[in-house]
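Have a look at query_15.cif below; it lists mmCIF, C-alpha atoms and all ligand atoms.
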```cif
data_query
#
loop_
_atom_site.label_atom_id
_atom_site.label_comp_id
_atom_site.auth_asym_id
_atom_site.auth_seq_id
_atom_site.Cartn_x
_atom_site.Cartn_y
_atom_site.Cartn_z
CA MET H 1 0.00 0.00 0.00
CA GLN H 2 1.42 3.40 -1.00
CA LYS H 3 1.90 5.86 1.84
CA ILE H 4 0.66 9.32 0.83
CA GLY H 5 2.31 12.31 2.50
CA ILE H 6 0.62 15.71 2.61
CA LEU H 7 2.46 18.93 3.39
CA GLY H 8 -0.06 20.95 5.38
CA GLY H 9 -2.66 19.81 7.90
CA GLY H 10 -5.53 22.22 7.31
CA GLN H 11 -9.04 21.57 6.04
CA LEU H 12 -7.89 20.52 2.58
CA GLY H 13 -5.64 17.90 4.16
CA LYS H 14 -8.50 16.74 6.34
CA MET H 15 -10.84 16.29 3.38
CA LEU H 16 -8.09 14.53 1.43
CA ALA H 17 -7.55 12.19 4.39
CA LEU H 18 -11.29 11.48 4.55
CA ALA H 19 -11.32 10.56 0.85
CA ALA H 20 -8.23 8.39 1.36
CA ALA H 21 -9.91 6.55 4.23
CA ASN H 22 -12.54 5.20 1.81
CA ARG H 23 -9.76 3.53 -0.12
CA ASP H 24 -7.94 2.53 3.04
CA LEU H 25 -4.88 4.52 2.03
CA PRO H 26 -2.43 5.56 4.76
CA ILE H 27 -2.20 9.36 4.99
CA TRP H 28 0.72 11.08 6.68
CA SER H 29 0.45 14.81 7.35
CA LEU H 30 3.07 17.43 8.26
CA ASP H 31 2.10 20.66 9.98
CA LYS H 32 2.76 22.61 13.16
CA SER H 33 0.13 21.07 15.43
CA LYS H 34 -1.88 17.89 15.79
CA ASP H 35 -4.73 20.20 16.79
CA PHE H 36 -5.06 21.34 13.18
CA PRO H 37 -8.02 20.04 11.13
CA ALA H 38 -6.20 17.04 9.58
CA GLY H 39 -4.82 15.88 12.95
CA PRO H 40 -7.48 13.37 13.98
CA PHE H 41 -7.95 12.03 10.43
CA SER H 42 -4.35 11.31 9.47
CA THR H 43 -2.88 7.83 9.86
CA LYS H 44 0.19 9.62 11.17
CA PHE H 45 0.55 13.33 11.91
CA ILE H 46 4.09 14.68 12.21
CA GLU H 47 4.49 18.02 13.93
CA GLY H 48 6.88 20.23 11.98
CA ASP H 49 7.14 23.17 9.61
CA PHE H 50 6.48 22.62 5.90
CA LYS H 51 8.60 25.71 5.19
CA ASN H 52 11.64 24.16 6.88
CA TYR H 53 14.09 22.17 4.69
CA ASP H 54 14.90 19.44 7.21
CA ASP H 55 11.30 18.93 8.32
CA VAL H 56 10.13 18.50 4.72
CA TYR H 57 13.09 16.33 3.75
CA ASN H 58 12.76 13.98 6.74
CA PHE H 59 9.02 13.72 6.24
CA GLY H 60 9.34 13.07 2.51
CA LYS H 61 11.82 10.22 3.06
CA GLN H 62 9.11 8.28 4.90
CA VAL H 63 6.36 8.33 2.26
CA ASP H 64 5.89 6.96 -1.26
CA VAL H 65 3.96 9.82 -2.86
CA LEU H 66 4.25 13.35 -1.57
CA THR H 67 1.63 16.02 -2.21
CA ILE H 68 0.56 19.37 -0.78
CA GLU H 69 -2.48 21.19 0.45
CA ILE H 70 -0.73 24.58 0.45
CA GLU H 71 1.78 26.01 -2.05
CA HIS H 72 4.09 27.77 0.36
CA VAL H 73 6.30 24.81 1.18
CA ASN H 74 10.06 24.32 1.07
CA THR H 75 10.65 23.42 -2.57
CA ASP H 76 14.44 23.03 -2.15
CA ALA H 77 13.76 19.98 0.01
CA LEU H 78 11.27 18.74 -2.59
CA LEU H 79 13.84 19.08 -5.39
CA GLN H 80 16.31 17.00 -3.34
CA LEU H 81 13.66 14.37 -2.53
CA GLU H 82 12.74 14.17 -6.19
CA LYS H 83 16.41 13.50 -7.06
CA GLU H 84 16.35 10.71 -4.49
CA GLY H 85 13.36 9.07 -6.14
CA VAL H 86 10.38 10.26 -4.09
CA LYS H 87 7.31 10.82 -6.24
CA ILE H 88 6.16 14.41 -5.82
CA HIS H 89 2.92 15.77 -7.25
CA PRO H 90 2.63 18.62 -8.09
CA SER H 91 6.25 18.89 -9.29
CA PRO H 92 8.53 21.24 -7.35
CA ARG H 93 9.28 22.99 -10.66
CA ALA H 94 5.61 23.88 -11.18
CA LEU H 95 5.25 24.78 -7.50
CA ASN H 96 8.14 27.25 -7.70
CA ILE H 97 6.36 29.04 -10.53
CA ILE H 98 2.90 28.96 -9.00
CA LYS H 99 3.83 30.09 -5.50
CA ASP H 100 5.22 33.35 -6.91
CA LYS H 101 2.40 35.35 -8.53
CA GLY H 102 4.94 37.23 -10.67
CA LEU H 103 6.54 34.08 -12.12
CA GLN H 104 3.04 32.65 -12.54
CA LYS H 105 1.90 35.59 -14.68
CA GLN H 106 5.13 35.42 -16.70
CA PHE H 107 4.45 31.72 -17.30
CA TYR H 108 1.10 32.56 -18.94
CA ILE H 109 2.74 35.14 -21.19
CA ASP H 110 5.52 32.68 -22.14
CA ASN H 111 3.01 29.94 -22.89
CA ASN H 112 0.60 32.12 -24.80
CA LEU H 113 -2.17 31.69 -22.24
CA PRO H 114 -4.52 34.68 -21.81
CA THR H 115 -4.04 36.77 -18.66
CA SER H 116 -4.18 40.49 -17.83
CA ASP H 117 -1.09 42.70 -18.27
CA PHE H 118 1.19 43.07 -15.28
CA THR H 119 4.36 44.81 -14.08
CA PHE H 120 6.91 43.84 -11.43
CA TYR H 121 7.70 46.24 -8.54
CA ASP H 122 10.06 45.95 -5.56
CA GLY H 123 7.57 47.43 -3.12
CA ALA H 124 5.24 50.29 -2.23
CA GLU H 125 7.74 53.08 -2.86
CA ALA H 126 8.53 51.89 -6.37
CA ILE H 127 4.81 51.78 -7.12
CA ARG H 128 4.25 55.34 -5.84
CA THR H 129 7.16 56.56 -7.95
CA ALA H 130 5.71 54.85 -11.03
CA VAL H 131 2.35 56.56 -10.46
CA GLU H 132 4.02 59.97 -9.97
CA SER H 133 6.02 59.62 -13.17
CA GLY H 134 2.96 58.52 -15.13
CA ASP H 135 4.24 54.97 -15.83
CA LEU H 136 1.36 53.48 -13.85
CA SER H 137 -2.15 54.84 -13.64
CA LEU H 138 -5.04 54.38 -11.24
CA PRO H 139 -6.99 52.19 -10.75
CA PHE H 140 -4.87 49.05 -10.42
CA VAL H 141 -4.54 45.94 -8.32
CA GLN H 142 -1.37 45.25 -6.34
CA LYS H 143 -0.53 41.65 -5.49
CA SER H 144 2.17 40.36 -3.22
CA ARG H 145 4.35 37.93 -5.20
CA GLY H 146 4.44 35.42 -2.36
CA GLY H 147 2.38 34.23 0.55
CA GLY H 148 -1.07 35.64 -0.21
CA TYR H 149 -4.37 33.78 0.16
CA ASP H 150 -8.06 34.59 0.62
CA GLY H 151 -7.58 38.19 -0.47
CA LYS H 152 -4.67 38.79 1.93
CA GLY H 153 -1.84 39.96 -0.27
CA VAL H 154 -4.15 41.79 -2.70
CA ALA H 155 -4.77 45.54 -2.58
CA VAL H 156 -7.18 47.31 -4.92
CA ILE H 157 -5.87 50.85 -5.44
CA LYS H 158 -8.48 53.20 -6.85
CA THR H 159 -7.78 56.59 -5.29
CA GLN H 160 -4.91 58.79 -4.10
CA SER H 161 -5.77 57.92 -0.52
CA ASP H 162 -5.62 54.18 -1.35
CA LEU H 163 -2.20 54.92 -2.81
CA ALA H 164 -1.12 56.55 0.43
CA GLU H 165 -2.62 53.97 2.79
CA LYS H 166 -3.30 50.59 1.20
CA LEU H 167 -0.12 49.60 -0.65
CA LEU H 168 1.61 46.48 0.61
CA PRO H 169 5.32 46.96 1.44
CA VAL H 170 6.46 43.81 -0.37
CA PRO H 171 7.80 42.66 -3.76
CA SER H 172 4.72 42.68 -5.93
CA ILE H 173 3.08 42.88 -9.29
CA THR H 174 0.43 45.32 -10.38
CA GLU H 175 -2.37 44.55 -12.81
CA PRO H 176 -4.96 46.83 -14.38
CA LEU H 177 -8.37 46.51 -12.74
CA VAL H 178 -10.18 44.01 -14.97
CA ASP H 179 -13.78 44.78 -15.87
CA ILE H 180 -15.14 41.52 -14.49
CA ASP H 181 -18.52 40.14 -15.51
CA LYS H 182 -18.17 36.88 -13.59
CA GLU H 183 -15.42 35.05 -11.73
CA LEU H 184 -15.28 31.43 -12.83
CA ALA H 185 -13.20 28.42 -11.84
CA VAL H 186 -12.42 25.11 -13.46
CA VAL H 187 -10.82 22.31 -11.47
CA ALA H 188 -8.81 20.08 -13.80
CA ALA H 189 -6.96 16.87 -13.02
CA ARG H 190 -4.15 15.07 -14.83
CA ASN H 191 -2.49 11.74 -14.10
CA GLU H 192 1.02 10.54 -15.00
CA ASP H 193 -0.26 8.94 -18.20
CA GLY H 194 -1.44 12.39 -19.31
CA GLU H 195 -5.17 11.71 -18.98
CA ILE H 196 -6.99 14.99 -18.21
CA LYS H 197 -10.50 15.56 -16.88
CA THR H 198 -12.25 18.72 -15.74
CA PHE H 199 -15.11 19.36 -13.33
CA PRO H 200 -18.00 21.53 -14.52
CA THR H 201 -17.23 25.27 -14.50
CA VAL H 202 -18.34 27.05 -11.34
CA GLU H 203 -19.19 30.65 -10.66
CA MET H 204 -17.70 32.34 -7.59
CA GLU H 205 -19.44 35.15 -5.76
CA PHE H 206 -17.29 37.26 -3.48
CA ASN H 207 -17.77 38.82 -0.09
CA GLN H 208 -16.70 42.40 -0.88
CA THR H 209 -15.56 43.19 2.67
CA ALA H 210 -13.35 40.17 3.10
CA ASN H 211 -12.43 39.81 -0.63
CA LEU H 212 -12.94 36.06 -0.46
CA VAL H 213 -15.41 33.64 -1.99
CA GLU H 214 -18.80 33.54 -0.31
CA PHE H 215 -20.90 31.42 -2.68
CA LEU H 216 -19.92 28.95 -5.34
CA ILE H 217 -22.54 28.12 -7.91
CA CYS H 218 -22.52 24.93 -9.94
CA PRO H 219 -23.31 24.89 -12.78
CA ALA H 220 -22.23 28.45 -13.60
CA ASN H 221 -24.85 30.56 -15.32
CA ILE H 222 -22.91 30.91 -18.57
CA SER H 223 -23.41 29.94 -22.22
CA ALA H 224 -22.28 26.58 -23.57
CA GLU H 225 -19.67 28.48 -25.58
CA ILE H 226 -18.12 30.12 -22.49
CA GLU H 227 -18.23 26.78 -20.62
CA GLN H 228 -16.40 25.12 -23.47
CA LYS H 229 -13.81 27.93 -23.69
CA ALA H 230 -13.19 27.94 -19.94
CA THR H 231 -12.76 24.17 -19.90
CA ALA H 232 -10.42 24.19 -22.90
CA LEU H 233 -8.30 26.86 -21.23
CA ALA H 234 -8.02 24.84 -18.01
CA VAL H 235 -6.94 21.77 -20.01
CA LYS H 236 -4.28 23.80 -21.86
CA THR H 237 -3.04 25.26 -18.57
CA ILE H 238 -2.63 21.96 -16.70
CA ALA H 239 -0.84 20.50 -19.73
CA ALA H 240 1.47 23.54 -19.93
CA TYR H 241 2.49 23.10 -16.30
CA ASP H 242 3.03 19.39 -16.99
CA LEU H 243 1.76 18.54 -13.55
CA CYS H 244 -0.08 15.62 -12.01
CA GLY H 245 -2.89 16.01 -9.54
CA LEU H 246 -5.44 18.79 -9.44
CA LEU H 247 -5.09 22.26 -10.87
CA ALA H 248 -7.78 24.76 -9.90
CA VAL H 249 -7.85 27.51 -12.52
CA GLU H 250 -9.44 30.80 -11.42
CA LEU H 251 -10.74 32.78 -14.39
CA PHE H 252 -12.17 36.21 -15.10
CA LEU H 253 -14.96 36.43 -17.66
CA THR H 254 -14.71 40.07 -18.74
CA LYS H 255 -17.61 42.30 -19.73
CA SER H 256 -16.38 42.10 -23.32
CA GLY H 257 -16.60 38.28 -23.22
CA GLU H 258 -12.89 37.46 -22.91
CA ILE H 259 -11.67 34.76 -20.56
CA LEU H 260 -8.47 35.51 -18.64
CA ILE H 261 -6.54 33.35 -16.20
CA ASN H 262 -6.37 35.05 -12.80
CA GLU H 263 -4.36 32.49 -10.86
CA VAL H 264 -4.10 28.76 -10.27
CA ALA H 265 -3.69 26.38 -7.34
CA PRO H 266 -2.07 22.94 -7.89
CA ARG H 267 -4.11 21.15 -5.20
CA PRO H 268 -7.65 20.69 -3.94
CA HIS H 269 -9.33 24.08 -3.86
CA ASN H 270 -12.27 25.93 -2.36
CA SER H 271 -13.87 26.06 -5.81
CA GLY H 272 -14.13 22.26 -5.86
CA HIS H 273 -15.64 21.67 -2.43
CA HIS H 274 -19.15 21.14 -3.78
CA THR H 275 -17.92 18.11 -5.75
CA ILE H 276 -18.02 16.02 -2.55
CA ASP H 277 -21.79 16.28 -2.51
CA SER H 278 -22.68 17.09 -6.10
CA CYS H 279 -20.44 15.16 -8.53
CA TYR H 280 -19.82 11.45 -9.13
CA THR H 281 -16.20 11.88 -8.07
CA SER H 282 -15.04 14.47 -5.55
CA GLN H 283 -12.00 16.65 -6.16
CA PHE H 284 -10.29 14.88 -3.26
CA GLN H 285 -10.86 11.41 -4.74
CA GLN H 286 -9.71 12.77 -8.08
CA HIS H 287 -6.50 14.19 -6.65
CA LEU H 288 -5.65 10.81 -5.10
CA ARG H 289 -6.41 9.00 -8.37
CA ALA H 290 -4.25 11.46 -10.30
CA ILE H 291 -1.19 11.38 -8.04
CA GLN H 292 -1.29 7.57 -7.89
CA ASN H 293 -1.70 7.39 -11.66
CA TYR H 294 -5.04 5.62 -11.68
CA PRO H 295 -7.70 6.29 -14.32
CA LEU H 296 -9.49 9.53 -13.43
CA GLY H 297 -13.03 9.43 -12.07
CA ASP H 298 -16.24 10.61 -13.69
CA THR H 299 -16.60 14.37 -13.10
CA THR H 300 -20.25 14.57 -14.15
CA MET H 301 -22.50 16.65 -11.92
CA LYS H 302 -25.22 14.69 -10.10
CA THR H 303 -27.22 17.70 -9.00
CA PRO H 304 -27.07 21.51 -9.06
CA SER H 305 -25.52 22.93 -5.90
CA VAL H 306 -24.44 26.06 -4.12
CA MET H 307 -21.55 25.99 -1.70
CA VAL H 308 -21.32 28.63 0.98
CA ASN H 309 -18.15 29.29 2.97
CA LEU H 310 -18.88 29.48 6.68
CA LEU H 311 -16.77 32.32 8.01
CA GLY H 312 -16.02 33.43 11.52
CA ALA H 313 -18.37 36.26 12.55
CA ASP H 314 -16.89 39.76 12.50
CA GLY H 315 -15.78 40.99 15.91
CA TYR H 316 -15.04 37.62 17.53
CA THR H 317 -11.67 35.98 18.11
CA GLY H 318 -11.29 32.97 20.38
CA ASP H 319 -12.71 29.48 21.03
CA ALA H 320 -15.21 28.70 18.28
CA HIS H 321 -18.86 28.04 19.06
CA TYR H 322 -21.61 27.30 16.56
CA ALA H 323 -25.00 28.87 17.19
CA GLY H 324 -28.12 27.92 15.18
CA MET H 325 -27.06 24.39 14.32
CA ALA H 326 -30.51 22.80 14.76
CA GLU H 327 -32.23 25.36 12.52
CA VAL H 328 -29.66 24.87 9.78
CA MET H 329 -29.85 21.07 10.02
CA ALA H 330 -33.61 21.30 9.46
CA LEU H 331 -33.12 22.89 6.03
CA ARG H 332 -33.44 20.68 2.95
CA GLY H 333 -30.34 19.56 1.06
CA VAL H 334 -27.77 20.95 3.48
CA ASN H 335 -24.44 19.13 3.78
CA LEU H 336 -22.29 20.62 6.50
CA HIS H 337 -18.51 20.37 6.52
CA LEU H 338 -17.01 21.90 9.65
CA TYR H 339 -13.24 21.91 9.68
CA GLY H 340 -12.66 21.62 13.41
CA LYS H 341 -10.56 24.77 13.78
CA LYS H 342 -10.33 25.52 17.48
CA THR H 343 -10.11 29.29 17.12
CA THR H 344 -12.44 31.56 15.20
CA LYS H 345 -11.40 34.94 13.76
CA PRO H 346 -13.33 37.49 11.70
CA PHE H 347 -13.88 36.00 8.21
CA ARG H 348 -11.75 32.93 8.91
CA LYS H 349 -12.91 29.93 6.85
CA MET H 350 -14.32 27.64 9.55
CA GLY H 351 -16.26 25.30 7.31
CA HIS H 352 -18.54 25.16 4.31
CA ALA H 353 -21.99 23.88 3.47
CA THR H 354 -23.01 22.49 0.12
CA VAL H 355 -26.69 22.81 -0.59
CA THR H 356 -28.08 20.52 -3.27
CA ALA H 357 -31.43 21.27 -4.92
CA GLU H 358 -33.27 21.01 -8.24
CA SER H 359 -31.95 24.41 -9.32
CA THR H 360 -29.10 26.71 -8.32
CA GLU H 361 -31.70 29.42 -7.53
CA GLU H 362 -33.34 27.17 -4.94
CA ALA H 363 -29.97 26.06 -3.57
CA LYS H 364 -28.82 29.67 -3.26
CA LYS H 365 -31.89 30.60 -1.22
CA ILE H 366 -31.16 27.83 1.25
CA ALA H 367 -27.43 28.58 1.26
CA LYS H 368 -28.23 32.16 2.33
CA GLN H 369 -30.36 30.79 5.16
CA VAL H 370 -27.42 28.62 6.24
CA GLN H 371 -25.09 31.60 6.10
CA GLU H 372 -27.40 33.72 8.24
CA GLY H 373 -28.51 30.91 10.52
CA LEU H 374 -25.20 29.40 11.52
CA VAL H 375 -23.22 31.97 13.47
CA ILE H 376 -19.64 31.16 14.40
CA LYS H 377 -18.40 33.19 17.32
CA THR H 378 -17.04 32.91 20.83
CA VAL H 379 -19.44 32.50 23.74
N1 LIG R 1 -6.74 42.42 -12.01
C1 LIG R 1 -7.84 42.35 -11.27
N2 LIG R 1 -8.93 43.11 -11.56
C2 LIG R 1 -10.03 43.07 -10.80
N3 LIG R 1 -10.16 42.32 -9.70
C3 LIG R 1 -9.13 41.54 -9.34
C4 LIG R 1 -7.91 41.50 -10.11
N4 LIG R 1 -7.08 40.63 -9.51
C5 LIG R 1 -7.73 40.15 -8.44
N5 LIG R 1 -8.94 40.68 -8.31
C6 LIG R 1 -9.95 40.38 -7.26
O1 LIG R 1 -9.27 39.98 -6.07
C7 LIG R 1 -9.55 38.61 -5.78
C8 LIG R 1 -8.35 37.95 -5.14
O2 LIG R 1 -7.24 37.97 -6.03
P1 LIG R 1 -6.35 36.68 -6.23
O3 LIG R 1 -5.19 37.03 -7.08
O4 LIG R 1 -7.21 35.57 -6.71
O5 LIG R 1 -5.80 36.44 -4.75
P2 LIG R 1 -6.01 35.29 -3.67
O6 LIG R 1 -4.73 34.53 -3.73
O7 LIG R 1 -6.19 36.01 -2.40
O8 LIG R 1 -7.20 34.46 -4.10
C9 LIG R 1 -9.96 38.02 -7.11
O9 LIG R 1 -10.72 36.84 -6.96
C10 LIG R 1 -10.77 39.18 -7.69
O10 LIG R 1 -12.04 39.28 -7.08
MG MG R 2 -7.73 33.75 -5.89
#
```

If you convert what's in this file into structure tokens, what do you get?
Ligand SMILES: Nc1ncnc2c1ncn2[C@@H]1O[C@H](COP(=O)(O)OP(=O)(O)O)[C@@H](O)[C@H]1O
Ligand SMILES: [Mg+2]
Amino acid sequence: MQKIGILGGGQLGKMLALAAANRDLPIWSLDKSKDFPAGPFSTKFIEGDFKNYDDVYNFGKQVDVLTIEIEHVNTDALLQLEKEGVKIHPSPRALNIIKDKGLQKQFYIDNNLPTSDFTFYDGAEAIRTAVESGDLSLPFVQKSRGGGYDGKGVAVIKTQSDLAEKLLPVPSITEPLVDIDKELAVVAARNEDGEIKTFPTVEMEFNQTANLVEFLICPANISAEIEQKATALAVKTIAAYDLCGLLAVELFLTKSGEILINEVAPRPHNSGHHTIDSCYTSQFQQHLRAIQNYPLGDTTMKTPSVMVNLLGADGYTGDAHYAGMAEVMALRGVNLHLYGKKTTKPFRKMGHATVTAESTEEAKKIAKQVQEGLVIKTV
């Protein structure tokens, strides 16, 4: 039996471990604390730092296939492990590109994949200078090259006061503000034999305050032509990266009907969570199939669904408590996935619910009731 190692022990690792349990696969996880979501569900949980060379190297030596649930891992250790024969999916080479938003954008340009224009800057001062000299004009989006997630590491700069107050003091890229009609995502998978499959395109709706996904709608309300274009682009992208496992491709559908790649994640992703409850194969099962080089599973949708991220209520930090559980459980088609994070924080992703129904309109109504009904705060 192959031992699967996962760098990271958060909710994605937990859900991967749950999928692995169905196939009786041993899952080893590496992260700072056994109290993290994947702790109780891993065959073995090693406490350590996935950013530390030795921790990653020593962990990797003990497993047969090594994968990730977060990009920001020590890739030098992965390159060494790869040399020593450990199977690593996604490849450290692809990870090095993807974990740096600047290199990622450059990769799309080099591979003739559509993405918005961008420029590299050393930090906030260089950006201010560029605006003063007329090289860069408002509005624009600044993105930290490394380390960002869930809208952290992204600043939308529209006004002079944004320019004075909101710039991030880190190596970054800037992009023009895209005139977005819809934000879409396609989760693709590829195995070592080169077989590729994609899940149906989903539509992401954002919480404007937190700048992270609130609702995920499947199927997306788009034309067959856009669906086909989005899917074809995801297939081209995963092939260009030459990686095995999942690749979640976040896309912008612009008001003029263009499709642009925003960013990708080479792992299970928030935009594939609904697949557990609404597709024949879940993204987690698919990732395991892909990294073990089995035939990929059927990605057909069983039922329309809306996924809602359950976020920590604003104004509360501390031991998490869930109010309104009974009311939410009484609603039709609700599948709750609570991650088991001990501490809640404003807008922290604490879980998600996937609501299945005959239509996405009906599912959305119920998903809103879940969002309002289940309040995550401290007592
Ligand atoms: N160039 C852009 N134009 C308009 N909105 C953008 C642009 N880039 C990012 N955004 C908005 O910010 C969100 C987060 O940006 P993203 O690069 O995906 O960062 P994260 O890693 O936090 O998901 C996007 O989903 C989108 O809503
Ligand atoms: Mg994103």

- Message: Report as a PyMOL selection string all protein, DNA and RNA residues lying within 12 Å of Asp162 in chain H, evaluated on only C-alpha atoms, omitting residues in the same chain fewer than 2 positions from it.
- Response: chain H and resi 124+128+138-142+155-160+164-168

- Message: One number please: CA of Met307 in chain H to CA of Glu327 in chain H, in Å, one decimal.
- Response: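 It comes out at 17.8 Å.
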
Cut-off 8 Å: closest chain H/ligand MG 2 (chain R) atom pairs per residue, using all atoms listed in the file, as CSV:
```
residue,atom,partner,partner_atom,distance
H:Tyr149,CA,R:MG2,MG,6.9
H:Asp150,CA,R:MG2,MG,6.6
H:Gly151,CA,R:MG2,MG,7.0
H:Leu212,CA,R:MG2,MG,7.9
H:Glu250,CA,R:MG2,MG,6.5
H:Asn262,CA,R:MG2,MG,7.2
H:Glu263,CA,R:MG2,MG,6.1
H:Val264,CA,R:MG2,MG,7.6
```

Just C-alpha atoms for this one: save the residues we selected as a CSV table (one decimal), keeping the file's coordinate frame.
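Contents of the output file selection.csv:
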```csv
chain,number,residue,atom,x,y,z
H,149,TYR,CA,-4.4,33.8,0.2
H,150,ASP,CA,-8.1,34.6,0.6
H,151,GLY,CA,-7.6,38.2,-0.5
H,212,LEU,CA,-12.9,36.1,-0.5
H,250,GLU,CA,-9.4,30.8,-11.4
H,262,ASN,CA,-6.4,35.0,-12.8
H,263,GLU,CA,-4.4,32.5,-10.9
H,264,VAL,CA,-4.1,28.8,-10.3
```

- Selection within 10 Å of ligand LIG 1 (chain R) by only C-alpha atoms and all ligand atoms, output as JSON, numbers by chain: {"H": [99, 101, 115, 116, 117, 118, 139, 140, 141, 142, 143, 144, 145, 146, 147, 148, 149, 150, 151, 152, 153, 154, 155, 156, 174, 175, 176, 177, 178, 179, 180, 182, 183, 184, 204, 205, 206, 207, 208, 210, 211, 212, 213, 249, 250, 251, 252, 254, 260, 261, 262, 263, 264, 265]}

- Query: Using only C-alpha atoms, which residues sit within 9 Å of Ile222 in chain H once same-chain residues fewer than 4 positions away are excluded, as a list of chain:residue names?
  - Reply: H:Thr201, H:Glu203, H:Ile226, H:Glu227

- Task: Calculate how many Å separate CA of Cys279 in chain H from CA of Gly373 in chain H, rounding to one decimal.
- Result: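 If I compute the distance from CA of Cys279 in chain H to CA of Gly373 in chain H, I get 26.0 Å.
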
- Message: For a quick check of understanding, using only C-alpha atoms, which of H:Ser223, H:Asn191, H:Asn22, H:Gln106 has the smallest distance to Gln286 in chain H?
- Response: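 Of H:Ser223, H:Asn191, H:Asn22, H:Gln106, the one nearest Gln286 in chain H is H:Asn191, counting only C-alpha atoms.
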
- Task: Just give me the gap between CA of Arg348 in chain H and CA of Leu310 in chain H in Å, one decimal is fine.
- Result: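 Pair CA of Arg348 in chain H / CA of Leu310 in chain H returns 8.2 Å.
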
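Ranking H:His287, H:Lys14, H:His321, H:Lys364 by their shortest atom-to-atom distance to Gly333 in chain H, with only C-alpha atoms included, puts H:Lys364 first.
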